[in-house]
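A.B. asks: Sending over run_7.cif (mmCIF, C-alpha atoms).
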data_final
loop_
_atom_site.label_atom_id
_atom_site.label_comp_id
_atom_site.auth_asym_id
_atom_site.auth_seq_id
_atom_site.Cartn_x
_atom_site.Cartn_y
_atom_site.Cartn_z
CA MET F 1 86.76 79.51 97.97
CA ALA F 2 89.85 77.30 97.92
CA ASP F 3 92.32 76.96 95.06
CA ARG F 4 91.64 80.30 93.35
CA LEU F 5 94.15 81.77 90.89
CA ILE F 6 95.20 85.09 92.42
CA GLY F 7 97.66 87.63 91.02
CA LEU F 8 99.81 89.96 93.11
CA LEU F 9 101.31 93.27 91.92
CA HIS F 10 104.03 93.80 93.26
CA PRO F 11 105.30 91.87 96.28
CA GLY F 12 107.16 94.17 98.61
CA GLN F 13 107.26 93.28 102.31
CA MET F 14 103.53 93.78 102.78
CA GLY F 15 102.51 92.26 99.46
CA ALA F 16 104.65 89.16 99.92
CA ALA F 17 103.20 88.62 103.40
CA VAL F 18 99.62 88.96 102.11
CA GLY F 19 100.48 86.55 99.30
CA ALA F 20 101.82 84.06 101.83
CA VAL F 21 98.54 84.25 103.76
CA LEU F 22 96.60 83.48 100.59
CA ARG F 23 98.94 80.58 99.84
CA GLU F 24 98.34 79.19 103.34
CA ARG F 25 94.60 79.37 102.62
CA GLY F 26 95.13 77.04 99.65
CA HIS F 27 95.18 79.52 96.77
CA ARG F 28 97.61 79.67 93.87
CA VAL F 29 99.29 83.09 93.98
CA VAL F 30 101.22 84.35 90.97
CA TRP F 31 103.36 87.42 90.32
CA ALA F 32 105.48 88.92 87.52
CA SER F 33 109.27 89.11 87.93
CA GLU F 34 109.79 91.11 84.73
CA GLY F 35 111.63 94.32 85.64
CA ARG F 36 111.64 93.57 89.37
CA SER F 37 114.66 93.60 91.68
CA GLU F 38 116.52 90.63 93.10
CA ALA F 39 115.25 91.57 96.56
CA THR F 40 111.66 91.37 95.30
CA ARG F 41 112.36 88.00 93.66
CA ALA F 42 113.78 86.69 96.92
CA ARG F 43 110.75 87.88 98.93
CA ALA F 44 108.36 86.31 96.45
CA ALA F 45 110.22 83.01 96.49
CA GLU F 46 110.26 82.93 100.29
CA ALA F 47 106.49 83.57 100.34
CA GLY F 48 105.91 80.68 97.92
CA LEU F 49 104.60 82.87 95.10
CA GLU F 50 104.68 81.50 91.56
CA ASP F 51 106.54 83.58 89.01
CA VAL F 52 104.65 83.79 85.70
CA GLY F 53 107.07 86.31 84.20
CA SER F 54 104.93 89.15 82.91
CA VAL F 55 102.03 91.34 83.97
CA ASP F 56 100.11 90.01 80.95
CA ALA F 57 100.35 86.53 82.45
CA VAL F 58 99.22 87.82 85.86
CA ALA F 59 96.16 89.31 84.09
CA LYS F 60 94.89 85.76 83.48
CA SER F 61 94.12 85.48 87.21
CA GLU F 62 90.59 85.47 88.61
CA LEU F 63 91.52 88.20 91.05
CA VAL F 64 94.47 90.58 91.35
CA PHE F 65 95.76 92.42 94.42
CA SER F 66 97.71 95.64 93.87
CA ILE F 67 99.96 96.34 96.86
CA CYS F 68 102.52 98.95 95.86
CA PRO F 69 103.72 102.45 96.83
CA PRO F 70 100.79 104.87 96.47
CA HIS F 71 102.44 106.99 93.79
CA ALA F 72 102.47 103.91 91.52
CA ALA F 73 98.87 102.78 92.04
CA LEU F 74 97.46 104.29 88.83
CA GLU F 75 100.38 103.15 86.69
CA VAL F 76 100.14 99.58 88.01
CA ALA F 77 96.41 99.43 87.32
CA GLY F 78 96.91 100.83 83.83
CA ARG F 79 99.40 98.10 82.91
CA LEU F 80 96.91 95.28 83.45
CA GLY F 81 95.37 95.60 80.01
CA SER F 82 92.25 93.56 79.32
CA PHE F 83 91.97 92.02 82.78
CA GLY F 84 88.40 90.87 83.41
CA GLY F 85 88.58 89.66 87.01
CA VAL F 86 88.27 91.44 90.34
CA TYR F 87 90.93 94.08 90.98
CA VAL F 88 91.69 94.85 94.64
CA ASP F 89 93.58 98.11 95.08
CA ALA F 90 95.01 97.73 98.59
CA ASN F 91 97.15 100.86 98.41
CA ALA F 92 97.34 103.98 100.57
CA VAL F 93 95.47 106.26 98.17
CA ALA F 94 92.74 108.88 98.46
CA PRO F 95 89.15 107.91 97.65
CA ALA F 96 89.41 110.08 94.53
CA THR F 97 92.49 108.16 93.39
CA ALA F 98 90.74 104.87 94.14
CA ALA F 99 87.90 106.02 91.86
CA LYS F 100 90.40 106.68 89.06
CA VAL F 101 91.84 103.18 89.52
CA ALA F 102 88.30 101.76 89.38
CA SER F 103 87.72 103.47 86.04
CA LEU F 104 90.74 101.62 84.60
CA VAL F 105 89.98 98.09 85.75
CA GLY F 106 86.22 97.47 85.75
CA ARG F 107 85.39 95.05 88.60
CA PHE F 108 86.93 96.88 91.52
CA VAL F 109 87.33 96.46 95.27
CA ASP F 110 88.73 99.35 97.28
CA GLY F 111 91.20 98.22 99.95
CA GLY F 112 93.38 99.62 102.69
CA ILE F 113 95.84 97.81 104.96
CA VAL F 114 96.46 98.93 108.54
CA GLY F 115 99.25 97.35 110.56
CA SER F 116 102.45 95.44 109.92
CA PRO F 117 102.95 92.64 107.37
CA PRO F 118 100.65 89.84 108.59
CA HIS F 119 102.58 87.04 110.26
CA GLU F 120 100.48 86.57 113.38
CA ALA F 121 96.88 87.21 114.34
CA GLY F 122 95.89 90.61 115.73
CA THR F 123 98.50 92.70 113.93
CA THR F 124 96.92 93.59 110.59
CA ARG F 125 93.53 94.62 109.20
CA LEU F 126 92.57 94.65 105.54
CA TYR F 127 89.64 97.02 105.02
CA LEU F 128 87.57 96.39 101.90
CA SER F 129 84.65 98.13 100.22
CA GLY F 130 82.58 97.63 97.09
CA ASP F 131 80.01 95.14 95.83
CA GLU F 132 82.51 92.28 95.70
CA ALA F 133 84.27 93.12 98.96
CA PRO F 134 82.55 90.34 100.99
CA ALA F 135 83.80 87.68 98.59
CA VAL F 136 87.35 89.06 98.83
CA ALA F 137 87.13 89.17 102.64
CA GLU F 138 86.10 85.51 102.61
CA LEU F 139 89.46 84.60 101.07
CA PHE F 140 91.07 85.46 104.41
CA ALA F 141 88.54 83.82 106.75
CA GLY F 142 90.35 81.95 109.50
CA SER F 143 93.74 83.48 108.61
CA VAL F 144 96.05 85.83 110.50
CA LEU F 145 94.87 88.72 108.31
CA ASP F 146 91.65 90.29 109.62
CA ALA F 147 89.61 91.33 106.56
CA ARG F 148 86.72 93.74 107.25
CA VAL F 149 84.09 95.17 104.91
CA VAL F 150 83.44 98.91 105.40
CA SER F 151 81.82 101.76 103.50
CA SER F 152 85.10 103.29 102.18
CA ALA F 153 88.35 101.40 102.69
CA SER F 154 90.54 104.11 101.18
CA ALA F 155 89.00 106.72 103.49
CA VAL F 156 89.73 104.52 106.52
CA LYS F 157 93.35 104.23 105.44
CA MET F 158 93.65 108.00 104.90
CA VAL F 159 92.25 108.99 108.28
CA TYR F 160 94.25 106.33 110.13
CA ALA F 161 97.60 107.14 108.50
CA GLY F 162 96.79 110.84 108.77
CA TRP F 163 97.51 110.47 112.48
CA THR F 164 100.09 107.68 112.65
CA LYS F 165 102.45 108.85 109.93
CA GLY F 166 101.43 112.52 110.18
CA SER F 167 102.41 112.60 113.86
CA THR F 168 105.64 110.77 113.00
CA ALA F 169 106.55 113.58 110.60
CA LEU F 170 105.68 116.19 113.25
CA LEU F 171 107.99 114.55 115.79
CA LEU F 172 110.83 114.40 113.27
CA ALA F 173 110.39 118.07 112.40
CA ILE F 174 110.28 119.12 116.06
CA ARG F 175 113.45 117.19 116.92
CA GLU F 176 115.23 118.79 113.94
CA LEU F 177 114.06 122.28 114.95
CA ALA F 178 115.28 121.72 118.51
CA ARG F 179 118.62 120.48 117.16
CA ARG F 180 119.06 123.56 114.98
CA GLU F 181 118.14 125.89 117.86
CA GLY F 182 120.58 124.11 120.17
CA VAL F 183 117.94 122.94 122.67
CA GLU F 184 117.49 119.29 121.73
CA GLU F 185 118.88 117.90 125.01
CA THR F 186 116.69 120.25 127.02
CA LEU F 187 113.64 119.19 125.00
CA LEU F 188 114.42 115.51 125.58
CA GLU F 189 114.81 116.13 129.32
CA GLU F 190 111.47 117.97 129.41
CA TRP F 191 109.76 115.20 127.42
CA ALA F 192 111.17 112.61 129.83
CA MET F 193 109.54 114.47 132.73
CA SER F 194 106.24 115.55 131.22
CA ILE F 195 105.56 113.22 128.24
CA PRO F 196 107.81 110.25 129.02
CA ASP F 197 106.92 108.14 125.96
CA LEU F 198 107.98 110.81 123.44
CA PRO F 199 111.79 110.41 123.49
CA GLU F 200 111.63 106.74 122.50
CA ARG F 201 108.72 107.39 120.17
CA SER F 202 110.74 110.03 118.34
CA GLU F 203 113.63 107.55 118.00
CA ARG F 204 111.25 104.93 116.55
CA ALA F 205 109.90 107.57 114.19
CA ALA F 206 113.40 108.30 112.91
CA ARG F 207 114.15 104.60 112.38
CA SER F 208 110.89 104.05 110.52
CA ALA F 209 111.35 107.12 108.34
CA ASP F 210 114.91 106.07 107.46
CA ALA F 211 113.64 102.68 106.30
CA LYS F 212 110.30 103.56 104.71
CA GLY F 213 109.96 107.34 104.47
CA TRP F 214 110.37 107.30 100.67
CA ARG F 215 107.07 105.39 100.45
CA TRP F 216 105.28 107.83 102.72
CA VAL F 217 105.78 110.95 100.59
CA GLY F 218 103.04 109.89 98.17
CA GLU F 219 100.83 108.70 101.02
CA MET F 220 101.00 112.09 102.73
CA GLU F 221 100.09 113.79 99.45
CA GLU F 222 97.10 111.45 99.06
CA ILE F 223 95.99 112.29 102.61
CA ALA F 224 96.36 116.02 101.92
CA ALA F 225 94.21 115.63 98.80
CA THR F 226 91.57 113.80 100.85
CA PHE F 227 91.44 116.63 103.40
CA GLU F 228 91.17 119.24 100.66
CA ALA F 229 88.45 117.31 98.81
CA ASN F 230 86.39 117.57 102.00
CA GLY F 231 86.95 121.30 102.48
CA LEU F 232 89.59 120.81 105.20
CA PRO F 233 93.17 122.15 105.22
CA GLY F 234 95.69 119.83 103.62
CA GLY F 235 98.74 121.77 104.74
CA PHE F 236 99.50 119.45 107.66
CA HIS F 237 100.18 116.55 105.34
CA HIS F 238 101.80 118.53 102.53
CA ALA F 239 104.32 119.50 105.20
CA ALA F 240 104.59 115.88 106.34
CA ALA F 241 105.35 114.86 102.75
CA GLU F 242 108.16 117.41 102.66
CA VAL F 243 109.59 116.08 105.94
CA PHE F 244 109.72 112.54 104.53
CA ARG F 245 111.02 113.80 101.20
CA ARG F 246 113.98 115.39 102.99
#
Starting from the file, lay out its structure as structure tokens.
C.D. replies:
Amino acid sequence: MADRLIGLLHPGQMGAAVGAVLRERGHRVVWASEGRSEATRARAAEAGLEDVGSVDAVAKSELVFSICPPHAALEVAGRLGSFGGVYVDANAVAPATAAKVASLVGRFVDGGIVGSPPHEAGTTRLYLSGDEAPAVAELFAGSVLDARVVSSASAVKMVYAGWTKGSTALLLAIRELARREGVEETLLEEWAMSIPDLPERSERAARSADAKGWRWVGEMEEIAATFEANGLPGGFHHAAAEVFRR
């Protein structure tokens, strides 16, 4: 499995880290700098990714990973043109959205990443599903990224983030309500006595939302759509999307 030509669209913090893992496993990893920011170029260079300029050039790869904000997943897949390799959509999208991506690209592996950008073992799982998922998982064998084949990777991502980021939004909304009602200090004192991890957790939630909340709006909407597609209320996560949007 060594020395494969692998494309990456588009290397943010997570994508660049996944690309670096593939590089460490001996693969040639390429990306397209056309239209990308200087920050993205710097991340890609630090990860050792090879700039081939355009998405058309990336489409010559044997396999392409899409790791982008969820609202862009369909657009990114649609730009790949006549790509004939294996397309791994490792984005936080609903199973229904993953199916739409699959209809655009042909050979398709559904993916979902749980955890932080992979720099050390035990921090990050890449869930994969589809006929060619085992071969993709093998790319990461022996690496710091734990790749696991499951029945529906996008569903795993939706149910996991439904709690982690959904509860983050709930904490942010509760703190803001307490602030507006003038009882925030009392709430924090009560949390310190009865649920002692919540004050610091709410502070971490605020820091994370400040840094990455813009990415989570689309993810919450994808989770809401997944709930609704299964006959369950999606209002929790529509509200979470609005919290992050604000």
A.B. asks: For F:Arg215, find every residue with an atom within 9 Å (counting all atoms listed in the file), except residues of its own chain fewer than 5 positions away, and show them as a list in words.
C.D. replies: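 Answer for this query is Pro69, Pro70, His71 and Phe244 of chain F.
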A.B. asks: Do a neighbour search on stretch 51-53 of chain F at 8 Å with only C-alpha atoms, toss out local chain neighbours closer than 5 positions, and write the hits as a VMD selection string.
C.D. replies: chain F and resid 30 to 34 58
A.B. asks: Which residues of stretch 113-176 of chain F sit at most 12 Å from stretch 94-100 of chain F, using only C-alpha atoms? Give each one's shortest atom pair and distance in Å (one decimal place), in chain and ascending residue order, as JSON lines.
C.D. replies:
{"residue": "F:Leu128", "atom": "CA", "partner": "F:Ala98", "partner_atom": "CA", "distance": 11.9}
{"residue": "F:Ser129", "atom": "CA", "partner": "F:Ala98", "partner_atom": "CA", "distance": 10.9}
{"residue": "F:Gly130", "atom": "CA", "partner": "F:Ala99", "partner_atom": "CA", "distance": 11.2}
{"residue": "F:Ser151", "atom": "CA", "partner": "F:Pro95", "partner_atom": "CA", "distance": 11.2}
{"residue": "F:Ser152", "atom": "CA", "partner": "F:Pro95", "partner_atom": "CA", "distance": 7.6}
{"residue": "F:Ala153", "atom": "CA", "partner": "F:Pro95", "partner_atom": "CA", "distance": 8.3}
{"residue": "F:Ser154", "atom": "CA", "partner": "F:Pro95", "partner_atom": "CA", "distance": 5.4}
{"residue": "F:Ala155", "atom": "CA", "partner": "F:Pro95", "partner_atom": "CA", "distance": 6.0}
{"residue": "F:Val156", "atom": "CA", "partner": "F:Pro95", "partner_atom": "CA", "distance": 9.5}
{"residue": "F:Lys157", "atom": "CA", "partner": "F:Ala94", "partner_atom": "CA", "distance": 8.4}
{"residue": "F:Met158", "atom": "CA", "partner": "F:Ala94", "partner_atom": "CA", "distance": 6.6}
{"residue": "F:Val159", "atom": "CA", "partner": "F:Ala94", "partner_atom": "CA", "distance": 9.8}
{"residue": "F:Ala161", "atom": "CA", "partner": "F:Ala94", "partner_atom": "CA", "distance": 11.3}
{"residue": "F:Gly162", "atom": "CA", "partner": "F:Ala94", "partner_atom": "CA", "distance": 11.2}
A.B. asks: Kindly save the residues from that selection, with C-alpha atoms included, as a CSV table (one decimal), keeping the file's coordinate frame.
C.D. replies:
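That gives us part_3.csv:
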chain,number,residue,atom,x,y,z
F,128,LEU,CA,87.6,96.4,101.9
F,129,SER,CA,84.6,98.1,100.2
F,130,GLY,CA,82.6,97.6,97.1
F,151,SER,CA,81.8,101.8,103.5
F,152,SER,CA,85.1,103.3,102.2
F,153,ALA,CA,88.4,101.4,102.7
F,154,SER,CA,90.5,104.1,101.2
F,155,ALA,CA,89.0,106.7,103.5
F,156,VAL,CA,89.7,104.5,106.5
F,157,LYS,CA,93.4,104.2,105.4
F,158,MET,CA,93.6,108.0,104.9
F,159,VAL,CA,92.2,109.0,108.3
F,161,ALA,CA,97.6,107.1,108.5
F,162,GLY,CA,96.8,110.8,108.8
A.B. asks: Write out as a list of chain:residue names the residues lying within 7 Å of F:Leu8, counting all atoms listed in the file and excluding same-chain residues fewer than 3 positions away.
C.D. replies: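 These residues fall inside the cut-off: F:Pro11, F:Val29, F:Val30, F:Trp31, F:Val64, F:Phe65, F:Ser66.
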A.B. asks: Just the selected residues (C-alpha atoms), exported as a compact mmCIF listing (two decimals), in the coordinates of the input, please.
C.D. replies:
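Wrote it out as selection.txt, contents follow:
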# COMPACT_ATOMS: atom_id res chain seq x y z
CA PRO F 11 105.30 91.87 96.28
CA VAL F 29 99.29 83.09 93.98
CA VAL F 30 101.22 84.35 90.97
CA TRP F 31 103.36 87.42 90.32
CA VAL F 64 94.47 90.58 91.35
CA PHE F 65 95.76 92.42 94.42
CA SER F 66 97.71 95.64 93.87
A.B. asks: Got a sec to resolve the PyMOL selection byres ((chain F and resi 188-203) around 8) on this structure and send the residues as a PDB file with C-alpha atoms, in the frame of the given file?
C.D. replies:
ATOM      1  CA  THR F 168     105.640 110.770 113.000  1.00  0.00           C
ATOM      2  CA  LEU F 171     107.990 114.550 115.790  1.00  0.00           C
ATOM      3  CA  LEU F 172     110.830 114.400 113.270  1.00  0.00           C
ATOM      4  CA  ARG F 175     113.450 117.190 116.920  1.00  0.00           C
ATOM      5  CA  GLU F 184     117.490 119.290 121.730  1.00  0.00           C
ATOM      6  CA  GLU F 185     118.880 117.900 125.010  1.00  0.00           C
ATOM      7  CA  THR F 186     116.690 120.250 127.020  1.00  0.00           C
ATOM      8  CA  LEU F 187     113.640 119.190 125.000  1.00  0.00           C
ATOM      9  CA  ARG F 204     111.250 104.930 116.550  1.00  0.00           C
ATOM     10  CA  ALA F 205     109.900 107.570 114.190  1.00  0.00           C
ATOM     11  CA  ALA F 206     113.400 108.300 112.910  1.00  0.00           C
ATOM     12  CA  ARG F 207     114.150 104.600 112.380  1.00  0.00           C
TER      13      ARG F 207
END
A.B. asks: Between F:Asp146, F:Glu62, F:Glu242, F:Asp56, which has the minimum distance to F:Thr124 (counting all atoms listed in the file)?
C.D. replies: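 Of F:Asp146, F:Glu62, F:Glu242, F:Asp56, the one nearest F:Thr124, counting all atoms listed in the file, is F:Asp146.
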A.B. asks: Any idea what's packed within 9 Å of stretch 40-45 of chain F, counting all atoms listed in the file, ignoring anything in its chain fewer than 2 positions away? Could you give it as an mmCIF file with C-alpha atoms, keeping the file's coordinate frame?
C.D. replies:
data_model
loop_
_atom_site.group_PDB
_atom_site.id
_atom_site.type_symbol
_atom_site.label_atom_id
_atom_site.label_comp_id
_atom_site.auth_asym_id
_atom_site.auth_seq_id
_atom_site.Cartn_x
_atom_site.Cartn_y
_atom_site.Cartn_z
ATOM 1 C CA HIS F 10 104.030 93.800 93.260
ATOM 2 C CA PRO F 11 105.300 91.870 96.280
ATOM 3 C CA GLY F 12 107.160 94.170 98.610
ATOM 4 C CA GLN F 13 107.260 93.280 102.310
ATOM 5 C CA GLY F 15 102.510 92.260 99.460
ATOM 6 C CA ALA F 16 104.650 89.160 99.920
ATOM 7 C CA ALA F 17 103.200 88.620 103.400
ATOM 8 C CA GLY F 19 100.480 86.550 99.300
ATOM 9 C CA ALA F 20 101.820 84.060 101.830
ATOM 10 C CA TRP F 31 103.360 87.420 90.320
ATOM 11 C CA SER F 33 109.270 89.110 87.930
ATOM 12 C CA ARG F 36 111.640 93.570 89.370
ATOM 13 C CA SER F 37 114.660 93.600 91.680
ATOM 14 C CA GLU F 38 116.520 90.630 93.100
ATOM 15 C CA ALA F 47 106.490 83.570 100.340
ATOM 16 C CA GLY F 48 105.910 80.680 97.920
ATOM 17 C CA LEU F 49 104.600 82.870 95.100
ATOM 18 C CA GLU F 50 104.680 81.500 91.560
ATOM 19 C CA ASP F 51 106.540 83.580 89.010
#
A.B. asks: Can you pull out every residue within 9 Å of F:Leu170, counting only C-alpha atoms, but drop anything in the same chain fewer than 3 positions away, and send it as an NGL selection string?
C.D. replies: :F and (165-167 or 173-175 or 236 or 239-240 or 243)
A.B. asks: May I ask for the distance between atom CA of F:Phe108 and atom CA of F:Arg25, given in Å to one decimal place?
C.D. replies: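 Going from atom CA of F:Phe108 over to atom CA of F:Arg25 covers 22.1 Å.
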